[in-house]
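So the structure is just underneath, and the comments pick up after that.
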Amino acid sequence: MARLSQQYRVKQSLRLLGIALLMIAFSVSARGVYQSDEAFLNEAFNNEVPRSKVVWNKGELRQAISTILGHDYAGLRIRYWKDNNRSSWILEEIGKEKPITFGVIISDGKVEQVKVLAFRESRGDEIRHPAFTRQFEQAELESNQLNRQVDGISGATMSVRAMTVVVTLALYLAESISTE
Amino acid sequence: MNFKKTVLALSVMAAATTSANAAAPSNEEIWQKLLEMQQQMAQVQEKNQQLQAENESLKTKVEATEKVALEATEAAEAVAIATEEAVKTASSAMDKNSIGGYGELHYNNLEDENGNDTKEIDFHRFVLYFGHEFRDDLRFFSELELEHSIAGDGKSGEIELEQAYIEYDMNEQHSVKGGLFLSPVGIINETHEPNTFYGTERNNVEKNIIPATWWAAGAMFSGEIGNGFSYDAAVTSGLDVTAGGTKTTYKIRDGRQKVSKALAEDLAYTGRLKWTGIPGVELGLTAQYQEDITQSQDATAGSATLLETHAVLQRGAFGLRALYATWDLEGSGPAAQGYDEQTGWYVEPSFRINENFGVFARYNEWDNQAGDALDSEYDQIDLGVNWWPHQDVVVKLDYQMQDKPAGGELDGFNVGLGYQF
């Protein structure tokens, strides 16, 4: 009787372990959505998110945006959230094949923070780590380019490039709305 | 009206009495004046009514215009939203399949110490990548390559399947691959598109020792373990360095089976630890163990172990690549001619002048027969420049100076044109 129940206990434990391992292996659905747009904005504005406004991608602005990104911006409007001298931008840019979603906060013409909100490629997600994004802090615009060099990650140069142009774009757009 | 007339009359009379000294106008004159003023009043009132009517009609027009403007803005918004949605739908449908590739054309102008020269133009590699996303967490990726332009019997080229695997993301940190994939070792083995390295030809150390490009079939777990560390652990088909055809027995590069009816008598186990904790720095360490380097066909040979370590640094304009790799082959067979130890290393400092130009220097040393006392060590110095008109296109020029133990060392220059997309 005692031996049977010990066998039974072992089997049950193994079953539970198996289930636990399966749960760990299959947990977390979508790969690489690190923070939702909502959560990012709430964090940026301390839960008091201002009403969003839009910048229309037309005329001179459209030209400048194309130059910064190296290609046409695929959209008619760019949404932003602004409070005093701080503006928040959620922008997407393709790394190698898939779009990466970035959240950028610009304060007084300088980068306050850049975050990778969602990463969809199979390589290069190291760029989401603070050690990497910190390189952009306090960066400014100089002749419509970033005023500093950013060290890359070998094997993820496209992701790094995407982050750099997105941050540059955010700085440019923040500047263009500051004259409103 | 009567009241107004009365007021008017009174004020006239008041004016008349206050200016008693002035000559009082006759009643007839006063009456005329009154009639005139009455006429003017009537005209003013008429004008007033006209203006009021115009004002009303203007108000109505302005309201109508504002309404039109509002409707136009709403329509523009709707168009914007609809267009953005349409673009998104169109692109996400295309998203699932991806096509990419790279290619390189080489010109070699080399001469050995006896004056025999080798001048050659060769489209060394033409590669196509095809990928498909079944789901966010399940994808297929492949690499098909044509080397030296023409493949077939008696031709110099080959068509090879270099990658073809299914990758599944178990969760945010870990994924597993099954299929044919590149071995997780070295610097250029996995990242070898022409615009990602200096020098027209791939470096001889990785080529002869790793041996790059090296792919195998099996399963590989990859993932992040925090603090900038990532790992790869693979079980795959192994090498086969037995004699046959044009292969040099026991020379590691000739042992690549390329998953073409590969003998799977004895498998290979590979583990790699990589650190990319600081931007601009990559450190890697790979160890591989093969049960039998001749797939049990040669009794005088046995297991083999590879140890490889490298550093890739890029800080601002300064770059540095350094790699060391060594194979240890068991058995009397390999040991007889020194193939029991195959080792190589290189150091490559580089300077990125600007977005379009970079220069490099590389010192290489490798020896496939390091196990015996005979001098079989090769070394090479490379110097050159890369020009990137675009980040995905490169033109390369480099000089090489080789030193071979048995002579036949090739010195000269190479020019390369490469692209990736």
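As shown in the structure tokens, the chain order sets the letters A, B, ...; within each chain, residues go from 1, and ligands are also counted from 1 in the order they appear.
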Exercise: range 137-145 of chain A partners within 9 Å, only C-alpha atoms, chain neighbours under 3 positions left out, as a ChimeraX atom specification | /A:64,67-68,106-107,109-114,133-134,148,165,167-169,171-172,175
Distance query range 78-83 of chain A at most 6 Å, only C-alpha atoms, self and fewer than 6 positions along chain excluded, as JSON, numbers by chain = {"A": [50, 52, 53, 54, 55, 89]}
Output the selection as a PDB file, in the first residue's frame - N, CA and C atoms for each residue.
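After the write, again.pdb holds the following:
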```pdb
ATOM      1  N   PRO A  50      -2.419  63.903 -22.076  1.00  0.00           N
ATOM      2  CA  PRO A  50      -3.150  64.962 -22.777  1.00  0.00           C
ATOM      3  C   PRO A  50      -3.809  64.409 -24.038  1.00  0.00           C
ATOM      4  N   SER A  52      -4.593  63.743 -27.783  1.00  0.00           N
ATOM      5  CA  SER A  52      -3.639  63.651 -28.885  1.00  0.00           C
ATOM      6  C   SER A  52      -3.951  64.665 -29.973  1.00  0.00           C
ATOM      7  N   LYS A  53      -2.903  65.067 -30.664  1.00  0.00           N
ATOM      8  CA  LYS A  53      -3.053  65.958 -31.818  1.00  0.00           C
ATOM      9  C   LYS A  53      -2.366  65.287 -32.994  1.00  0.00           C
ATOM     10  N   VAL A  54      -2.538  65.873 -34.177  1.00  0.00           N
ATOM     11  CA  VAL A  54      -1.863  65.276 -35.331  1.00  0.00           C
ATOM     12  C   VAL A  54      -1.046  66.286 -36.111  1.00  0.00           C
ATOM     13  N   VAL A  55       0.009  65.757 -36.715  1.00  0.00           N
ATOM     14  CA  VAL A  55       0.799  66.542 -37.656  1.00  0.00           C
ATOM     15  C   VAL A  55       0.493  65.937 -39.026  1.00  0.00           C
ATOM     16  N   TRP A  89       5.937  60.624 -28.760  1.00  0.00           N
ATOM     17  CA  TRP A  89       5.685  60.121 -30.108  1.00  0.00           C
ATOM     18  C   TRP A  89       5.768  58.605 -30.117  1.00  0.00           C
TER      19      TRP A  89
END
```
Write down, as a list in words, each residue of chain B that has any atom within 8 Å of an atom of chain A, counting only C-alpha atoms.
-> Ala80, Thr83, Glu84, Val87, Asp95, Ser98, Asp136, Asp137, Asp169, Met170, Asn171, Glu172, Thr191, Gly228, Thr276, Gly277, Ile278, Pro279, Gly280, Val281, Glu282, Val312, Gln314, Arg315 and Gly316 of chain B
Could you please take those selected residues and save N, CA and C atoms as a CSV table (one decimal), in the first residue's frame?
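Result file is part-v7.csv:
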```csv
chain,number,residue,atom,x,y,z
B,80,ALA,N,-8.2,60.1,-44.3
B,80,ALA,CA,-6.9,59.8,-43.7
B,80,ALA,C,-7.0,58.5,-43.0
B,83,THR,N,-7.4,55.6,-45.5
B,83,THR,CA,-6.1,55.4,-46.3
B,83,THR,C,-5.1,54.6,-45.4
B,84,GLU,N,-5.0,55.1,-44.2
B,84,GLU,CA,-4.0,54.4,-43.3
B,84,GLU,C,-4.4,53.0,-43.1
B,87,VAL,N,-3.6,51.0,-46.2
B,87,VAL,CA,-2.1,50.7,-46.4
B,87,VAL,C,-1.7,49.6,-45.4
B,95,ASP,N,3.4,41.3,-45.8
B,95,ASP,CA,4.4,41.0,-44.7
B,95,ASP,C,4.8,39.6,-44.6
B,98,SER,N,8.8,37.0,-47.2
B,98,SER,CA,9.9,38.0,-47.3
B,98,SER,C,10.9,37.4,-48.3
B,136,ASP,N,2.9,34.8,-35.6
B,136,ASP,CA,3.9,35.7,-34.9
B,136,ASP,C,5.0,34.9,-34.3
B,137,ASP,N,4.7,33.7,-33.9
B,137,ASP,CA,5.7,32.9,-33.2
B,137,ASP,C,6.2,31.7,-34.0
B,169,ASP,N,9.0,30.4,-31.5
B,169,ASP,CA,9.3,31.2,-30.3
B,169,ASP,C,8.6,30.6,-29.1
B,170,MET,N,9.3,30.0,-28.2
B,170,MET,CA,8.6,29.4,-27.0
B,170,MET,C,8.1,30.5,-26.1
B,171,ASN,N,8.8,31.5,-26.0
B,171,ASN,CA,8.3,32.7,-25.2
B,171,ASN,C,9.2,33.9,-25.6
B,172,GLU,N,9.1,35.0,-24.9
B,172,GLU,CA,9.9,36.1,-25.3
B,172,GLU,C,11.4,35.9,-25.3
B,191,THR,N,26.9,35.9,-40.0
B,191,THR,CA,26.7,37.2,-40.6
B,191,THR,C,27.8,37.5,-41.7
B,228,GLY,N,22.7,40.7,-20.6
B,228,GLY,CA,23.4,40.8,-21.9
B,228,GLY,C,23.9,39.4,-22.4
B,276,THR,N,26.4,40.6,-25.2
B,276,THR,CA,26.3,41.9,-25.9
B,276,THR,C,25.7,42.9,-24.9
B,277,GLY,N,26.2,42.9,-23.7
B,277,GLY,CA,25.7,43.8,-22.6
B,277,GLY,C,25.9,45.3,-22.8
B,278,ILE,N,27.0,45.6,-23.5
B,278,ILE,CA,27.3,47.0,-23.7
B,278,ILE,C,27.2,47.3,-25.2
B,279,PRO,N,26.6,48.4,-25.6
B,279,PRO,CA,26.5,48.7,-27.0
B,279,PRO,C,27.9,48.8,-27.7
B,280,GLY,N,28.0,48.1,-28.8
B,280,GLY,CA,29.3,48.2,-29.5
B,280,GLY,C,30.2,47.1,-29.1
B,281,VAL,N,29.8,46.2,-28.2
B,281,VAL,CA,30.7,45.1,-27.8
B,281,VAL,C,30.0,43.8,-28.0
B,282,GLU,N,30.7,42.8,-28.6
B,282,GLU,CA,30.1,41.4,-28.6
B,282,GLU,C,31.3,40.5,-28.3
B,312,VAL,N,34.1,41.4,-30.9
B,312,VAL,CA,33.8,42.3,-32.0
B,312,VAL,C,33.5,43.7,-31.2
B,314,GLN,N,33.0,47.9,-31.6
B,314,GLN,CA,32.8,49.1,-32.5
B,314,GLN,C,32.4,50.2,-31.6
B,315,ARG,N,33.4,51.1,-31.3
B,315,ARG,CA,33.1,52.2,-30.4
B,315,ARG,C,33.4,53.5,-31.2
B,316,GLY,N,32.3,54.2,-31.6
B,316,GLY,CA,32.5,55.4,-32.4
B,316,GLY,C,33.1,54.9,-33.7
```
Which polymer residues have any atom within 9 Å of an atom of Leu34 in chain B, counting only C-alpha atoms, with same-chain residues fewer than 3 positions away left out, as a ChimeraX atom specification?
-> /B:5,8-9,29-31,37-39
Could you save those same residues with C-alpha atoms as a compact mmCIF listing (two decimals), in the first residue's frame?
```
# COMPACT_ATOMS: atom_id res chain seq x y z
CA LYS B 5 -42.39 114.56 -32.97
CA LEU B 8 -38.39 117.23 -31.56
CA ALA B 9 -40.82 120.15 -31.33
CA GLU B 29 -39.07 128.08 -41.90
CA ILE B 30 -39.41 125.91 -38.79
CA TRP B 31 -42.08 123.81 -40.48
CA MET B 37 -35.60 116.20 -40.69
CA GLN B 38 -38.55 113.88 -40.85
CA GLN B 39 -37.53 112.88 -44.39
```
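If you look at CA of Leu306 in chain B and CA of Gly186 in chain B, they are 11.1 Å away from each other.
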Per DSSP on the backbone, filter range 207-395 of chain B down to the residues in strand (DSSP E or B) and report them as a count of residues only.
-> 105
Between B:Phe181, B:Tyr102, B:Tyr168, B:Phe413, single out the one closest to Phe134 in chain B, counting only C-alpha atoms.
-> B:Tyr168
What does the distance between CA of Gly101 in chain B and CA of Ile150 in chain B come to in Å, to one decimal place?
->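 Computed distance, CA of Gly101 in chain B to CA of Ile150 in chain B, equals 17.9 Å.
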Name the residues of range 92-327 of chain B that fall into helix (DSSP H, G or I) according to DSSP on the backbone, using the chain letters and numbers of this document, as a list in words.
->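 Taking range 92-327 of chain B and keeping helix (DSSP H, G or I) gives Ser92, Ala93, Met94, Asp95, Pro194, Asn195, Thr196, Asn204, Val205, Glu206, Lys207, Asn208, Ile209, Ile252, Arg253, Asp254 and Gly255 of chain B.
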Just write the chosen residues, C-alpha atoms, as a short mmCIF file (atom, residue, chain, number, x, y, z; two decimals), in the first residue's frame.
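Resulting contents of again_8.cif:
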```
data_model
loop_
_atom_site.label_atom_id
_atom_site.label_comp_id
_atom_site.auth_asym_id
_atom_site.auth_seq_id
_atom_site.Cartn_x
_atom_site.Cartn_y
_atom_site.Cartn_z
CA SER B 92 0.36 43.14 -43.64
CA ALA B 93 -0.81 40.79 -46.35
CA MET B 94 2.56 41.18 -48.06
CA ASP B 95 4.36 41.00 -44.73
CA PRO B 194 29.49 41.47 -48.12
CA ASN B 195 28.65 44.88 -46.65
CA THR B 196 29.15 43.55 -43.11
CA ASN B 204 41.25 32.66 -44.27
CA VAL B 205 41.27 31.90 -40.56
CA GLU B 206 37.53 31.45 -40.29
CA LYS B 207 37.47 29.83 -43.69
CA ASN B 208 40.04 27.15 -42.86
CA ILE B 209 39.55 26.62 -39.17
CA ILE B 252 38.62 20.25 -41.16
CA ARG B 253 37.23 22.41 -43.98
CA ASP B 254 36.93 19.40 -46.26
CA GLY B 255 34.83 17.69 -43.66
#
```
Using CA of Asp375 in chain B and CA of Ala336 in chain B as the two end points, give the distance in Å to one decimal.
->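 Spanning CA of Asp375 in chain B to CA of Ala336 in chain B is a straight-line distance of 14.5 Å.
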Compare B:Pro211, B:Gly157, B:Gly271, B:Gly131 by their minimum atom-to-atom distance to Pro184 in chain B, counting only C-alpha atoms, and give me the closest one.
->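 That would be B:Gly271, the residue with the smallest distance to Pro184 in chain B.
For Gln288 in chain B, the list of residues within 8 Å, based on only C-alpha atoms and with local chain neighbours fewer than 2 positions off taken out, reads Ala268, Tyr269, Thr270, Gly271, Thr286, Gln290, Thr305, Leu306 and Leu307 of chain B.
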Create the file for the chosen residues now, containing N, CA and C atoms and written as a PDB file, in the first residue's frame.
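Output contents, as saved in result.pdb:
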```pdb
ATOM      1  N   ALA B 268      27.078  16.031 -33.766  1.00  0.00           N
ATOM      2  CA  ALA B 268      27.887  17.094 -33.179  1.00  0.00           C
ATOM      3  C   ALA B 268      27.052  17.861 -32.180  1.00  0.00           C
ATOM      4  N   TYR B 269      27.668  18.262 -31.108  1.00  0.00           N
ATOM      5  CA  TYR B 269      26.979  19.021 -30.062  1.00  0.00           C
ATOM      6  C   TYR B 269      27.674  20.359 -29.921  1.00  0.00           C
ATOM      7  N   THR B 270      26.900  21.444 -30.097  1.00  0.00           N
ATOM      8  CA  THR B 270      27.502  22.780 -30.077  1.00  0.00           C
ATOM      9  C   THR B 270      26.853  23.651 -29.032  1.00  0.00           C
ATOM     10  N   GLY B 271      27.681  24.398 -28.324  1.00  0.00           N
ATOM     11  CA  GLY B 271      27.135  25.325 -27.343  1.00  0.00           C
ATOM     12  C   GLY B 271      27.841  26.660 -27.494  1.00  0.00           C
ATOM     13  N   THR B 286      32.434  29.594 -28.153  1.00  0.00           N
ATOM     14  CA  THR B 286      31.738  28.400 -28.651  1.00  0.00           C
ATOM     15  C   THR B 286      32.563  27.161 -28.378  1.00  0.00           C
ATOM     16  N   GLN B 290      32.361  16.626 -31.416  1.00  0.00           N
ATOM     17  CA  GLN B 290      31.874  15.669 -32.406  1.00  0.00           C
ATOM     18  C   GLN B 290      32.268  14.279 -31.920  1.00  0.00           C
ATOM     19  N   THR B 305      37.124  18.132 -30.887  1.00  0.00           N
ATOM     20  CA  THR B 305      36.557  19.240 -30.104  1.00  0.00           C
ATOM     21  C   THR B 305      37.018  20.554 -30.685  1.00  0.00           C
ATOM     22  N   LEU B 306      36.092  21.475 -30.785  1.00  0.00           N
ATOM     23  CA  LEU B 306      36.430  22.817 -31.269  1.00  0.00           C
ATOM     24  C   LEU B 306      36.211  23.807 -30.149  1.00  0.00           C
ATOM     25  N   LEU B 307      37.148  24.714 -30.016  1.00  0.00           N
ATOM     26  CA  LEU B 307      36.975  25.799 -29.063  1.00  0.00           C
ATOM     27  C   LEU B 307      37.212  27.096 -29.822  1.00  0.00           C
TER      28      LEU B 307
END
```
Which residues come within 12 Å of Gln337 in chain B, counting only C-alpha atoms, excluding same-chain residues fewer than 4 positions away, as a tab-separated table (two decimals) with N, CA and C atoms, in the first residue's frame?
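File produced: selection.tsv:
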```tsv
chain	number	residue	atom	x	y	z
B	248	THR	N	41.06	16.66	-48.68
B	248	THR	CA	42.32	16.35	-47.99
B	248	THR	C	41.93	15.69	-46.68
B	249	THR	N	42.39	14.49	-46.48
B	249	THR	CA	42.02	13.76	-45.27
B	249	THR	C	42.32	14.54	-44.02
B	250	TYR	N	41.36	14.54	-43.14
B	250	TYR	CA	41.49	15.18	-41.83
B	250	TYR	C	41.55	16.69	-41.83
B	251	LYS	N	41.53	17.32	-43.01
B	251	LYS	CA	41.52	18.78	-43.00
B	251	LYS	C	40.09	19.22	-42.72
B	329	LEU	N	41.75	16.96	-32.68
B	329	LEU	CA	41.26	15.71	-33.24
B	329	LEU	C	41.94	14.52	-32.59
B	331	GLY	N	42.96	10.46	-32.17
B	331	GLY	CA	43.30	9.33	-33.03
B	331	GLY	C	44.65	9.45	-33.71
B	332	SER	N	45.17	8.28	-34.04
B	332	SER	CA	46.51	8.25	-34.64
B	332	SER	C	46.50	8.72	-36.08
B	333	GLY	N	45.36	8.54	-36.71
B	333	GLY	CA	45.25	8.96	-38.11
B	333	GLY	C	45.57	10.44	-38.29
B	341	GLU	N	45.86	18.88	-34.45
B	341	GLU	CA	45.61	20.22	-33.94
B	341	GLU	C	45.48	21.17	-35.12
B	342	GLN	N	44.38	21.86	-35.23
B	342	GLN	CA	44.18	22.83	-36.31
B	342	GLN	C	43.75	24.13	-35.65
B	368	ASN	N	46.63	24.17	-40.35
B	368	ASN	CA	45.79	22.99	-40.29
B	368	ASN	C	46.55	21.73	-39.88
B	369	GLN	N	47.86	21.86	-39.78
B	369	GLN	CA	48.66	20.72	-39.36
B	369	GLN	C	49.56	21.13	-38.21
B	370	ALA	N	48.95	21.76	-37.23
B	370	ALA	CA	49.75	22.30	-36.13
B	370	ALA	C	50.27	21.24	-35.18
B	371	GLY	N	49.73	20.03	-35.32
B	371	GLY	CA	50.09	18.99	-34.37
B	371	GLY	C	51.50	18.44	-34.50
B	372	ASP	N	52.10	18.62	-35.69
B	372	ASP	CA	53.45	18.06	-35.81
B	372	ASP	C	54.49	19.16	-35.83
B	373	ALA	N	55.73	18.73	-35.87
B	373	ALA	CA	56.84	19.68	-35.73
B	373	ALA	C	57.13	20.45	-37.02
B	374	LEU	N	56.61	19.95	-38.14
B	374	LEU	CA	56.90	20.61	-39.40
B	374	LEU	C	56.21	21.97	-39.45
B	375	ASP	N	56.86	22.90	-40.10
B	375	ASP	CA	56.27	24.23	-40.19
B	375	ASP	C	55.19	24.24	-41.26
B	376	SER	N	53.99	24.32	-40.83
B	376	SER	CA	52.89	24.34	-41.79
B	376	SER	C	52.00	25.55	-41.55
```
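Using only C-alpha atoms, the nearest neighbour of Met220 in chain B within the list B:Ile188, B:Leu110, B:Ile121, B:Ala233 is B:Ala233.
Candidate residues B:Gln43, B:Asn55, B:Ser230, B:Thr118 were compared for distance to Asp125 in chain A, and the nearest is B:Ser230, using only C-alpha atoms.
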Looking at only C-alpha atoms, which of B:Thr242, B:Lys261, B:Trp327, B:Ile187 is the one that sits closest to Leu283 in chain B?
->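 Looking only at the distances to Leu283 in chain B, the closest residue turns out to be B:Ile187.
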Counting only C-alpha atoms, figure out which residue out of B:Ala164, B:Ala287, B:Leu320, B:Ile353 gets nearest to Val259 in chain B.
-> B:Ala164
